[in-house]
2 protein chains.
Amino acid sequence: MNWYLQNGKDSDVVISSRVRISRNINKYPFTTKCTKEQLREIVDEMKGVTEALGYGLKFVDLREVDYITKISLVEKHIIDPEIAMDKKTNGAILVNDEENICIMVNDKDHIKLQAFSAGQNLESLLDLLTEIDEKLGELVTYSYSKQFGFLTVSPAEVGTAMKASVRIHLPALTLTGNIDRILNIVNNFGMSINGAYEDDTQNQSNIYQISNGQSLGLTEKEIVKNLKSITEKVIDQERLARKFLTKQPIELEDRVYRAYGILRFATRLSYEECKKLLSDVKLGTDLGIIKELDDSKINKLMLYTRPGNLQKHLGKQLDGYERNVKRAEVIKQILND
Amino acid sequence: MNWYLQNGKDSDVVISSRVRISRNINKYPFTTKCTKEQLREIVDEMKGVTEALGYGLKFVDLREVDYITKISLVEKHIIDPEIAMDKKTNGAILVNDEENICIMVNDKDHIKLQAFSAGQNLESLLDLLTEIDEKLGELVTYSYSKQFGFLTVSPAEVGTAMKASVRIHLPALTLTGNIDRILNIVNNFGMSINGAYEDDTQNQSNIYQISNGQSLGLTEKEIVKNLKSITEKVIDQERLARKFLTKQPIELEDRVYRAYGILRFATRLSYEECKKLLSDVKLGTDLGIIKELDDSKINKLMLYTRPGNLQKHLGKQLDGYERNVKRAEVIKQILND
């Protein structure tokens, strides 16, 4: 099963974990200075090592991928919007069937190794990526400086060139008005925390992404350990806030079950409204109030209701009105599954 | 079964019909001029004729009826708020088990004969009441003037002293913005039309009462015929408006099914919100969109969610907060029946 439809550790709060490592190939300049021919050579070189690298990875030339599929990959957080929208399309990906490993080629750096997991799973992801990184390092020669470590386009990433992140659902901290306090604390620990979705400016989904702020001077293991530790603190705070909410059981039940009722019976739903309803429904499910659902079904709802994945799932392009109608239909199908 | 839980003719639009005839007993002055002793004598006289009158009628002294039961009777429209709230409680009723016949004693006039039915059923009600009226006229001597007909407290009622009315659900005329035009037309035909519930100032329920404006100079049969005919015109207009709404099936389905979803899953519901939701749900049911319900179940929902009947049904007094919670529970019970 695809990782994003699974139930992971601490899935009542943590939606997913991701670790990324940026690498560049020694014999080419950074992508920003590459000619078009050099960019194609990099893609070809990575295509050439795909089989030797293993892990069930398959080479996909992004020039051959249609728009909806690209949007769908962006919504799954498997590729970045920049590489998806690049008109020159000199990018490629190496991805396995479960989509829990995806290597982007010619995003900002030549190579971005990525591993994903549902729930909190940072340490395993780091182990997996370290293994892939070592294996790939034998197949291509990385740009490396004894003084700075691995070299990357962005000076901020130089060193381990690693970025770890978790996506967490914080509805109770939001409802109890404690979210700003928590965001400040996380920032003070040297981590970044932001709304998880670029298309969700009001963060209706109540999903935040926490990621490591600095990579220089710390080992990969230390970075992951720090992120894991601050994540656990946030999880504790969110669970405390939820406990507080359960002191008014009628109000809480009413809120989450109204959301469930609308989700189940509406015949048109905007993406905005849907995110809000799903946040309430997930809260209700994770608190054991709503018995009709589980987190993996909610993950599926969260994914398939996003505009790109909705269209990808249905296999056709839809305008905004059609999407709202089809979104309600797809939700009914998933709920009745 | 009680009349108000049944499905009547044209029940997609007409909730219920009622005919009332006011009478006074010749040997007493009007209630406004009666001594307390005289009021008790009238009650006793009516008590005395109850058995002879028949129809399964039972005598109920309102002094012996608790507050919640009285409110519940008012909400069923079986007795008037004035007689229910009268602190002197010199009133009584003669009522049968089905509650489709109820004679009020010492409301405004000495006697108010009433017959009720679900749906549009004015002519049968008039036949029934005429029969009861003749029978009662043999048991007590009515105040009658050759010149004016039956004498009543209110000069406007003198003559036949009959009031006929229907309660109709007009959600589509409201949604399409045609309701004011229809209210004007009905008024121009010499009928009164108003929101059906005194406690529903914004008419969230979209239920209106149409009644005859004048009684002098027309026979009972003519009054009922006129009211029936204008009611049929309003029914036609409402059905036309509903047909218009079905041209946007998604919007309509979304509206009625969201209401159903909230009604089914909310854990607290104010009376205000409930009336609005039930109006949408009834519209959806009567248009065949919502298959989960029928009109008799909706009648039950409309009745048992009213504050008095909710408390009567549960057999205890509840404050506003408790009522909202219990209302949601009772709705779930009725929906799952």
# chains A, B, ... in the order shown; residues from 1 in each chain; ligands from 1

$ select_by_dssp --residues "range 134-196 of chain B" --states "alpha helix (DSSP H)" --output "PyMOL selection string"
chain B and resi 134-139+171-175+179-188

$ interface_residues --of "chain B" --to "chain A" --cutoff "8 Å" --atoms "only C-alpha atoms" --output "PDB file with C-alpha atoms, in the first residue's frame"
ATOM      1  CA  ILE B 250     -27.229  19.713  -7.139  1.00  0.00           C
ATOM      2  CA  GLU B 251     -27.886  22.918  -5.177  1.00  0.00           C
ATOM      3  CA  GLU B 253     -29.893  18.162  -3.009  1.00  0.00           C
ATOM      4  CA  ASP B 254     -26.965  19.774  -1.252  1.00  0.00           C
ATOM      5  CA  ARG B 255     -29.268  22.031   0.756  1.00  0.00           C
ATOM      6  CA  TYR B 257     -29.117  16.643   2.521  1.00  0.00           C
ATOM      7  CA  ARG B 258     -26.861  18.937   4.547  1.00  0.00           C
ATOM      8  CA  TYR B 260     -30.510  15.916   7.022  1.00  0.00           C
ATOM      9  CA  GLY B 261     -26.849  15.275   7.872  1.00  0.00           C
ATOM     10  CA  ILE B 262     -26.836  17.856  10.659  1.00  0.00           C
ATOM     11  CA  ARG B 264     -28.929  13.142  12.084  1.00  0.00           C
ATOM     12  CA  PHE B 265     -25.544  13.759  13.677  1.00  0.00           C
ATOM     13  CA  ALA B 266     -25.685  16.954  15.773  1.00  0.00           C
ATOM     14  CA  THR B 267     -25.612  16.386  19.527  1.00  0.00           C
ATOM     15  CA  ARG B 268     -27.312  19.640  20.425  1.00  0.00           C
ATOM     16  CA  VAL B 325     -29.164  18.076  23.975  1.00  0.00           C
TER      17      VAL B 325
END

$ residues_around --residues "Phe59 in chain B" --least-positions-apart "4" --cutoff "9 Å" --atoms "only C-alpha atoms" --output "PyMOL selection string"
chain B and resi 46-47+50-51+92-96

$ write_last_selection --atoms "N, CA and C atoms" --output "compact mmCIF listing (two decimals), in the first residue's frame"
# COMPACT_ATOMS: atom_id res chain seq x y z
N MET B 46 -70.96 21.32 31.02
CA MET B 46 -70.31 20.62 29.91
C MET B 46 -69.81 19.25 30.35
N LYS B 47 -69.30 19.19 31.59
CA LYS B 47 -68.89 17.90 32.14
C LYS B 47 -70.06 16.92 32.14
N THR B 50 -70.89 15.38 28.66
CA THR B 50 -69.79 14.73 27.93
C THR B 50 -70.16 13.33 27.45
N GLU B 51 -70.68 12.53 28.36
CA GLU B 51 -70.97 11.15 28.00
C GLU B 51 -72.07 11.07 26.94
N ALA B 92 -61.84 24.13 30.78
CA ALA B 92 -61.83 22.67 30.70
C ALA B 92 -61.82 22.30 29.23
N ILE B 93 -61.51 21.05 28.96
CA ILE B 93 -61.64 20.57 27.58
C ILE B 93 -62.34 19.22 27.57
N LEU B 94 -62.99 18.95 26.43
CA LEU B 94 -63.55 17.64 26.16
C LEU B 94 -62.77 17.13 24.95
N VAL B 95 -62.01 16.07 25.15
CA VAL B 95 -61.10 15.64 24.07
C VAL B 95 -61.15 14.11 23.94
N ASN B 96 -60.99 13.60 22.72
CA ASN B 96 -60.97 12.15 22.52
C ASN B 96 -59.51 11.64 22.46

$ residues_around --residues "range 124-127 of chain B" --least-positions-apart "4" --cutoff "12 Å" --atoms "only C-alpha atoms" --output "PyMOL selection string"
chain B and resi 9+16-21+100-101+113-120+131-134+160+162-166+219-225+228

$ write_last_selection --atoms "N, CA, C and O atoms" --output "short mmCIF file (atom, residue, chain, number, x, y, z; two decimals), in the first residue's frame"
data_model
loop_
_atom_site.label_atom_id
_atom_site.label_comp_id
_atom_site.auth_asym_id
_atom_site.auth_seq_id
_atom_site.Cartn_x
_atom_site.Cartn_y
_atom_site.Cartn_z
N LYS B 9 -54.09 14.26 2.99
CA LYS B 9 -54.14 14.63 1.58
C LYS B 9 -53.25 15.86 1.34
O LYS B 9 -53.23 16.77 2.16
N SER B 16 -51.79 20.52 8.05
CA SER B 16 -53.01 20.15 8.77
C SER B 16 -54.15 21.09 8.44
O SER B 16 -53.95 22.19 7.91
N SER B 17 -55.37 20.65 8.77
CA SER B 17 -56.58 21.47 8.63
C SER B 17 -57.28 21.52 9.98
O SER B 17 -57.18 20.57 10.77
N ARG B 18 -57.98 22.61 10.21
CA ARG B 18 -58.74 22.73 11.45
C ARG B 18 -60.02 23.51 11.18
O ARG B 18 -60.01 24.48 10.42
N VAL B 19 -61.11 23.09 11.78
CA VAL B 19 -62.34 23.89 11.75
C VAL B 19 -62.79 24.10 13.19
O VAL B 19 -62.69 23.19 14.03
N ARG B 20 -63.21 25.31 13.49
CA ARG B 20 -63.65 25.67 14.84
C ARG B 20 -65.00 26.36 14.76
O ARG B 20 -65.23 27.18 13.88
N ILE B 21 -65.87 26.04 15.69
CA ILE B 21 -67.16 26.73 15.79
C ILE B 21 -67.34 27.22 17.23
O ILE B 21 -67.16 26.45 18.18
N ASN B 100 -58.39 14.35 17.71
CA ASN B 100 -58.86 15.06 16.51
C ASN B 100 -60.14 15.85 16.77
O ASN B 100 -60.60 16.60 15.93
N ILE B 101 -60.75 15.62 17.96
CA ILE B 101 -61.88 16.46 18.39
C ILE B 101 -61.52 17.03 19.76
O ILE B 101 -61.10 16.28 20.65
N LEU B 113 -65.99 24.40 19.64
CA LEU B 113 -65.91 23.06 19.06
C LEU B 113 -64.77 23.05 18.04
O LEU B 113 -64.69 23.96 17.21
N GLN B 114 -63.90 22.05 18.11
CA GLN B 114 -62.79 22.00 17.16
C GLN B 114 -62.63 20.60 16.61
O GLN B 114 -62.74 19.62 17.34
N ALA B 115 -62.29 20.52 15.31
CA ALA B 115 -61.91 19.24 14.71
C ALA B 115 -60.65 19.45 13.88
O ALA B 115 -60.48 20.51 13.26
N PHE B 116 -59.77 18.47 13.92
CA PHE B 116 -58.45 18.59 13.29
C PHE B 116 -58.19 17.41 12.36
O PHE B 116 -58.71 16.31 12.57
N SER B 117 -57.36 17.65 11.38
CA SER B 117 -56.95 16.55 10.51
C SER B 117 -55.58 16.84 9.92
O SER B 117 -55.23 18.01 9.68
N ALA B 118 -54.79 15.82 9.68
CA ALA B 118 -53.56 16.00 8.90
C ALA B 118 -53.96 16.28 7.46
O ALA B 118 -55.01 15.84 7.00
N GLY B 119 -53.12 17.02 6.75
CA GLY B 119 -53.37 17.30 5.33
C GLY B 119 -54.59 18.18 5.11
O GLY B 119 -55.12 18.78 6.05
N GLN B 120 -55.03 18.26 3.87
CA GLN B 120 -56.18 19.10 3.51
C GLN B 120 -57.44 18.25 3.63
O GLN B 120 -57.61 17.27 2.92
N GLU B 131 -72.19 17.90 12.71
CA GLU B 131 -72.85 16.80 13.41
C GLU B 131 -72.74 16.96 14.93
O GLU B 131 -73.73 16.89 15.66
N ILE B 132 -71.49 17.25 15.39
CA ILE B 132 -71.27 17.43 16.83
C ILE B 132 -72.05 18.64 17.33
O ILE B 132 -72.68 18.60 18.40
N ASP B 133 -72.04 19.71 16.54
CA ASP B 133 -72.72 20.95 16.90
C ASP B 133 -74.23 20.70 17.09
O ASP B 133 -74.83 21.18 18.07
N GLU B 134 -74.82 19.94 16.16
CA GLU B 134 -76.26 19.66 16.26
C GLU B 134 -76.56 18.84 17.50
O GLU B 134 -77.52 19.10 18.23
N THR B 160 -72.02 32.59 11.42
CA THR B 160 -71.74 31.17 11.51
C THR B 160 -70.87 30.87 12.71
O THR B 160 -70.83 29.77 13.21
N MET B 162 -67.85 30.47 12.67
CA MET B 162 -66.94 29.41 12.26
C MET B 162 -65.61 29.95 11.76
O MET B 162 -65.57 30.98 11.09
N LYS B 163 -64.54 29.28 12.11
CA LYS B 163 -63.21 29.64 11.65
C LYS B 163 -62.59 28.36 11.09
O LYS B 163 -62.49 27.36 11.80
N ALA B 164 -62.20 28.42 9.82
CA ALA B 164 -61.53 27.27 9.22
C ALA B 164 -60.11 27.69 8.86
O ALA B 164 -59.87 28.85 8.50
N SER B 165 -59.16 26.78 8.99
CA SER B 165 -57.79 27.15 8.65
C SER B 165 -56.98 25.93 8.19
O SER B 165 -57.33 24.79 8.50
N VAL B 166 -55.95 26.22 7.43
CA VAL B 166 -54.99 25.18 7.04
C VAL B 166 -53.58 25.69 7.37
O VAL B 166 -53.32 26.90 7.33
N THR B 219 -72.42 31.00 4.12
CA THR B 219 -72.70 29.78 4.86
C THR B 219 -71.39 29.10 5.21
O THR B 219 -70.34 29.39 4.62
N GLU B 220 -71.43 28.16 6.16
CA GLU B 220 -70.25 27.40 6.53
C GLU B 220 -69.64 26.72 5.30
O GLU B 220 -68.43 26.73 5.10
N LYS B 221 -70.51 26.13 4.51
CA LYS B 221 -70.03 25.40 3.33
C LYS B 221 -69.32 26.33 2.34
O LYS B 221 -68.30 25.97 1.76
N GLU B 222 -69.86 27.54 2.20
CA GLU B 222 -69.23 28.50 1.29
C GLU B 222 -67.85 28.94 1.80
O GLU B 222 -66.89 29.05 1.03
N ILE B 223 -67.78 29.18 3.11
CA ILE B 223 -66.49 29.58 3.70
C ILE B 223 -65.43 28.50 3.44
O ILE B 223 -64.32 28.78 3.00
N VAL B 224 -65.80 27.26 3.73
CA VAL B 224 -64.87 26.16 3.56
C VAL B 224 -64.50 25.98 2.09
O VAL B 224 -63.34 25.73 1.75
N LYS B 225 -65.48 26.13 1.21
CA LYS B 225 -65.22 26.00 -0.22
C LYS B 225 -64.21 27.06 -0.68
O LYS B 225 -63.27 26.76 -1.42
N LYS B 228 -60.77 26.27 0.74
CA LYS B 228 -60.21 25.12 0.04
C LYS B 228 -59.68 25.55 -1.33
O LYS B 228 -58.58 25.16 -1.75
#

$ select_by_dssp --residues "range 198-279 of chain A" --states "strand (DSSP E)" --output "ChimeraX atom specification"
/A:207-212

$ write_last_selection --atoms "N, CA, C and O atoms" --output "CSV table (one decimal), in the first residue's frame"
chain,number,residue,atom,x,y,z
A,207,ILE,N,-3.2,21.7,9.8
A,207,ILE,CA,-2.0,20.8,9.7
A,207,ILE,C,-0.8,21.7,9.5
A,207,ILE,O,-0.8,22.6,8.7
A,208,TYR,N,0.2,21.5,10.4
A,208,TYR,CA,1.5,22.3,10.3
A,208,TYR,C,2.6,21.4,9.9
A,208,TYR,O,2.6,20.2,10.2
A,209,GLN,N,3.7,22.0,9.4
A,209,GLN,CA,4.9,21.3,9.1
A,209,GLN,C,6.0,21.8,10.0
A,209,GLN,O,6.2,23.0,10.1
A,210,ILE,N,6.6,20.9,10.7
A,210,ILE,CA,7.8,21.3,11.5
A,210,ILE,C,9.0,20.8,10.8
A,210,ILE,O,9.1,19.6,10.5
A,211,SER,N,10.1,21.6,10.6
A,211,SER,CA,11.3,21.1,10.0
A,211,SER,C,12.5,21.7,10.7
A,211,SER,O,12.4,22.7,11.4
A,212,ASN,N,13.7,21.0,10.5
A,212,ASN,CA,14.9,21.5,11.1
A,212,ASN,C,15.3,22.8,10.4
A,212,ASN,O,15.2,23.0,9.2

$ closest_residue --among "B:Leu5, B:Ile78, B:Ile179, B:Leu218" --to "Leu303 in chain B" --atoms "only C-alpha atoms"
B:Leu5

$ residues_around --residues "Val140 in chain A" --least-positions-apart "6" --cutoff "9 Å" --atoms "only C-alpha atoms" --output "PyMOL selection string"
chain A and resi 25-26+45-46+49

$ write_last_selection --atoms "N, CA, C and O atoms" --output "compact mmCIF listing (two decimals), in the first residue's frame"
# COMPACT_ATOMS: atom_id res chain seq x y z
N ILE A 25 26.30 16.28 -8.44
CA ILE A 25 27.31 15.44 -9.09
C ILE A 25 28.51 16.31 -9.42
O ILE A 25 28.38 17.41 -9.98
N ASN A 26 29.68 15.80 -9.06
CA ASN A 26 30.92 16.56 -9.09
C ASN A 26 31.26 17.16 -10.45
O ASN A 26 31.68 18.30 -10.55
N GLU A 45 22.32 10.31 -16.85
CA GLU A 45 23.21 9.59 -15.93
C GLU A 45 22.40 8.91 -14.81
O GLU A 45 22.64 7.75 -14.47
N MET A 46 21.40 9.65 -14.28
CA MET A 46 20.57 9.08 -13.21
C MET A 46 19.69 7.95 -13.76
O MET A 46 19.45 6.95 -13.07
N VAL A 49 21.69 4.79 -13.77
CA VAL A 49 22.02 4.09 -12.51
C VAL A 49 20.77 3.55 -11.79
O VAL A 49 20.90 2.91 -10.75

$ residues_around --residues "Lys108 in chain A" --least-positions-apart "2" --cutoff "8 Å" --atoms "only C-alpha atoms" --output "PyMOL selection string"
chain A and resi 31-32+106+110+153

$ residues_around --residues "Met1 in chain A" --least-positions-apart "6" --cutoff "10 Å" --atoms "only C-alpha atoms" --output "ChimeraX atom specification"
/A:97-100

$ closest_residue --among "B:Asn184, B:Thr69, B:Ser296, B:Asn90" --to "Leu39 in chain B" --atoms "only C-alpha atoms"
B:Asn90

$ atom_distance --atom1 "CA of Asp10 in chain B" --atom2 "CA of Ile235 in chain B"
8.3 Å

$ decode --residues "range 51-82 of chain B" --atoms "N, CA, C and O atoms" --output "tab-separated table (two decimals), in the first residue's frame"
chain	number	residue	atom	x	y	z
B	51	GLU	N	-70.68	12.53	28.36
B	51	GLU	CA	-70.97	11.15	28.00
B	51	GLU	C	-72.07	11.07	26.94
B	51	GLU	O	-71.95	10.33	25.96
B	52	ALA	N	-73.12	11.88	27.13
B	52	ALA	CA	-74.23	11.89	26.18
B	52	ALA	C	-73.79	12.33	24.79
B	52	ALA	O	-74.30	11.88	23.77
B	53	LEU	N	-72.81	13.22	24.77
B	53	LEU	CA	-72.32	13.74	23.48
B	53	LEU	C	-71.61	12.65	22.69
B	53	LEU	O	-71.69	12.59	21.45
B	54	GLY	N	-70.90	11.77	23.39
B	54	GLY	CA	-70.26	10.65	22.69
B	54	GLY	C	-68.92	10.98	22.06
B	54	GLY	O	-68.15	11.78	22.61
B	55	TYR	N	-68.60	10.36	20.90
B	55	TYR	CA	-67.35	10.56	20.16
B	55	TYR	C	-66.10	10.19	20.95
B	55	TYR	O	-64.99	10.62	20.62
B	56	GLY	N	-66.28	9.44	22.02
B	56	GLY	CA	-65.12	9.05	22.83
B	56	GLY	C	-64.53	10.22	23.60
B	56	GLY	O	-63.40	10.17	24.08
B	57	LEU	N	-65.31	11.31	23.71
B	57	LEU	CA	-64.79	12.50	24.39
B	57	LEU	C	-64.67	12.27	25.90
B	57	LEU	O	-65.51	11.61	26.51
B	58	LYS	N	-63.57	12.81	26.45
B	58	LYS	CA	-63.38	12.73	27.90
B	58	LYS	C	-63.24	14.13	28.47
B	58	LYS	O	-62.60	14.99	27.85
B	59	PHE	N	-63.82	14.33	29.62
B	59	PHE	CA	-63.76	15.64	30.26
B	59	PHE	C	-62.42	15.81	31.00
B	59	PHE	O	-62.00	14.93	31.74
B	60	VAL	N	-61.74	16.93	30.75
B	60	VAL	CA	-60.48	17.23	31.43
B	60	VAL	C	-60.56	18.63	32.03
B	60	VAL	O	-60.74	19.62	31.30
B	61	ASP	N	-60.49	18.70	33.37
B	61	ASP	CA	-60.49	20.00	34.03
B	61	ASP	C	-59.07	20.56	33.95
B	61	ASP	O	-58.13	19.94	34.44
B	62	LEU	N	-58.90	21.73	33.33
B	62	LEU	CA	-57.54	22.26	33.13
B	62	LEU	C	-56.85	22.65	34.43
B	62	LEU	O	-55.64	22.79	34.47
B	63	ARG	N	-57.64	22.77	35.52
B	63	ARG	CA	-57.01	23.04	36.83
B	63	ARG	C	-56.15	21.86	37.27
B	63	ARG	O	-55.23	22.01	38.06
B	64	GLU	N	-56.47	20.69	36.73
B	64	GLU	CA	-55.76	19.49	37.17
B	64	GLU	C	-54.65	19.07	36.21
B	64	GLU	O	-54.06	18.00	36.34
B	65	VAL	N	-54.39	19.93	35.21
B	65	VAL	CA	-53.39	19.59	34.20
B	65	VAL	C	-52.09	20.34	34.49
B	65	VAL	O	-52.13	21.55	34.74
B	66	ASP	N	-50.95	19.63	34.48
B	66	ASP	CA	-49.68	20.30	34.79
B	66	ASP	C	-49.22	21.19	33.63
B	66	ASP	O	-49.71	21.08	32.51
B	67	TYR	N	-48.28	22.04	33.95
B	67	TYR	CA	-47.82	23.07	33.02
B	67	TYR	C	-47.29	22.50	31.71
B	67	TYR	O	-47.67	22.95	30.62
B	68	ILE	N	-46.44	21.48	31.79
B	68	ILE	CA	-45.83	20.93	30.57
B	68	ILE	C	-46.89	20.32	29.66
B	68	ILE	O	-46.86	20.49	28.44
B	69	THR	N	-47.86	19.62	30.27
B	69	THR	CA	-48.93	19.03	29.46
B	69	THR	C	-49.73	20.12	28.76
B	69	THR	O	-50.09	19.98	27.59
B	70	LYS	N	-49.98	21.22	29.47
B	70	LYS	CA	-50.72	22.32	28.85
B	70	LYS	C	-49.95	22.90	27.66
B	70	LYS	O	-50.51	23.11	26.59
B	71	ILE	N	-48.62	23.13	27.87
B	71	ILE	CA	-47.79	23.66	26.77
B	71	ILE	C	-47.82	22.68	25.60
B	71	ILE	O	-47.90	23.07	24.43
B	72	SER	N	-47.74	21.41	25.93
B	72	SER	CA	-47.75	20.38	24.89
B	72	SER	C	-49.06	20.43	24.10
B	72	SER	O	-49.06	20.32	22.87
B	73	LEU	N	-50.19	20.66	24.78
B	73	LEU	CA	-51.48	20.77	24.09
B	73	LEU	C	-51.53	22.02	23.20
B	73	LEU	O	-52.07	22.00	22.10
B	74	VAL	N	-50.93	23.11	23.70
B	74	VAL	CA	-50.87	24.34	22.90
B	74	VAL	C	-50.05	24.09	21.64
B	74	VAL	O	-50.45	24.48	20.54
B	75	GLU	N	-48.90	23.40	21.81
B	75	GLU	CA	-48.04	23.16	20.65
B	75	GLU	C	-48.70	22.25	19.61
B	75	GLU	O	-48.41	22.31	18.43
B	76	LYS	N	-49.59	21.40	20.08
B	76	LYS	CA	-50.35	20.56	19.14
B	76	LYS	C	-51.51	21.33	18.53
B	76	LYS	O	-52.26	20.78	17.74
B	77	HIS	N	-51.70	22.59	18.95
B	77	HIS	CA	-52.78	23.47	18.50
B	77	HIS	C	-54.14	22.99	18.95
B	77	HIS	O	-55.16	23.36	18.38
B	78	ILE	N	-54.17	22.15	19.95
B	78	ILE	CA	-55.42	21.59	20.44
B	78	ILE	C	-56.11	22.56	21.39
B	78	ILE	O	-57.33	22.64	21.44
B	79	ILE	N	-55.32	23.31	22.17
B	79	ILE	CA	-55.92	24.37	22.98
B	79	ILE	C	-55.17	25.68	22.71
B	79	ILE	O	-54.05	25.67	22.20
B	80	ASP	N	-55.82	26.78	23.01
B	80	ASP	CA	-55.21	28.09	22.78
B	80	ASP	C	-54.29	28.49	23.93
B	80	ASP	O	-54.53	28.08	25.08
B	81	PRO	N	-53.25	29.28	23.63
B	81	PRO	CA	-52.33	29.71	24.69
B	81	PRO	C	-53.08	30.42	25.82
B	81	PRO	O	-52.75	30.25	26.99
B	82	GLU	N	-54.13	31.19	25.47
B	82	GLU	CA	-54.84	31.97	26.49
B	82	GLU	C	-55.46	31.08	27.56
B	82	GLU	O	-55.30	31.32	28.75
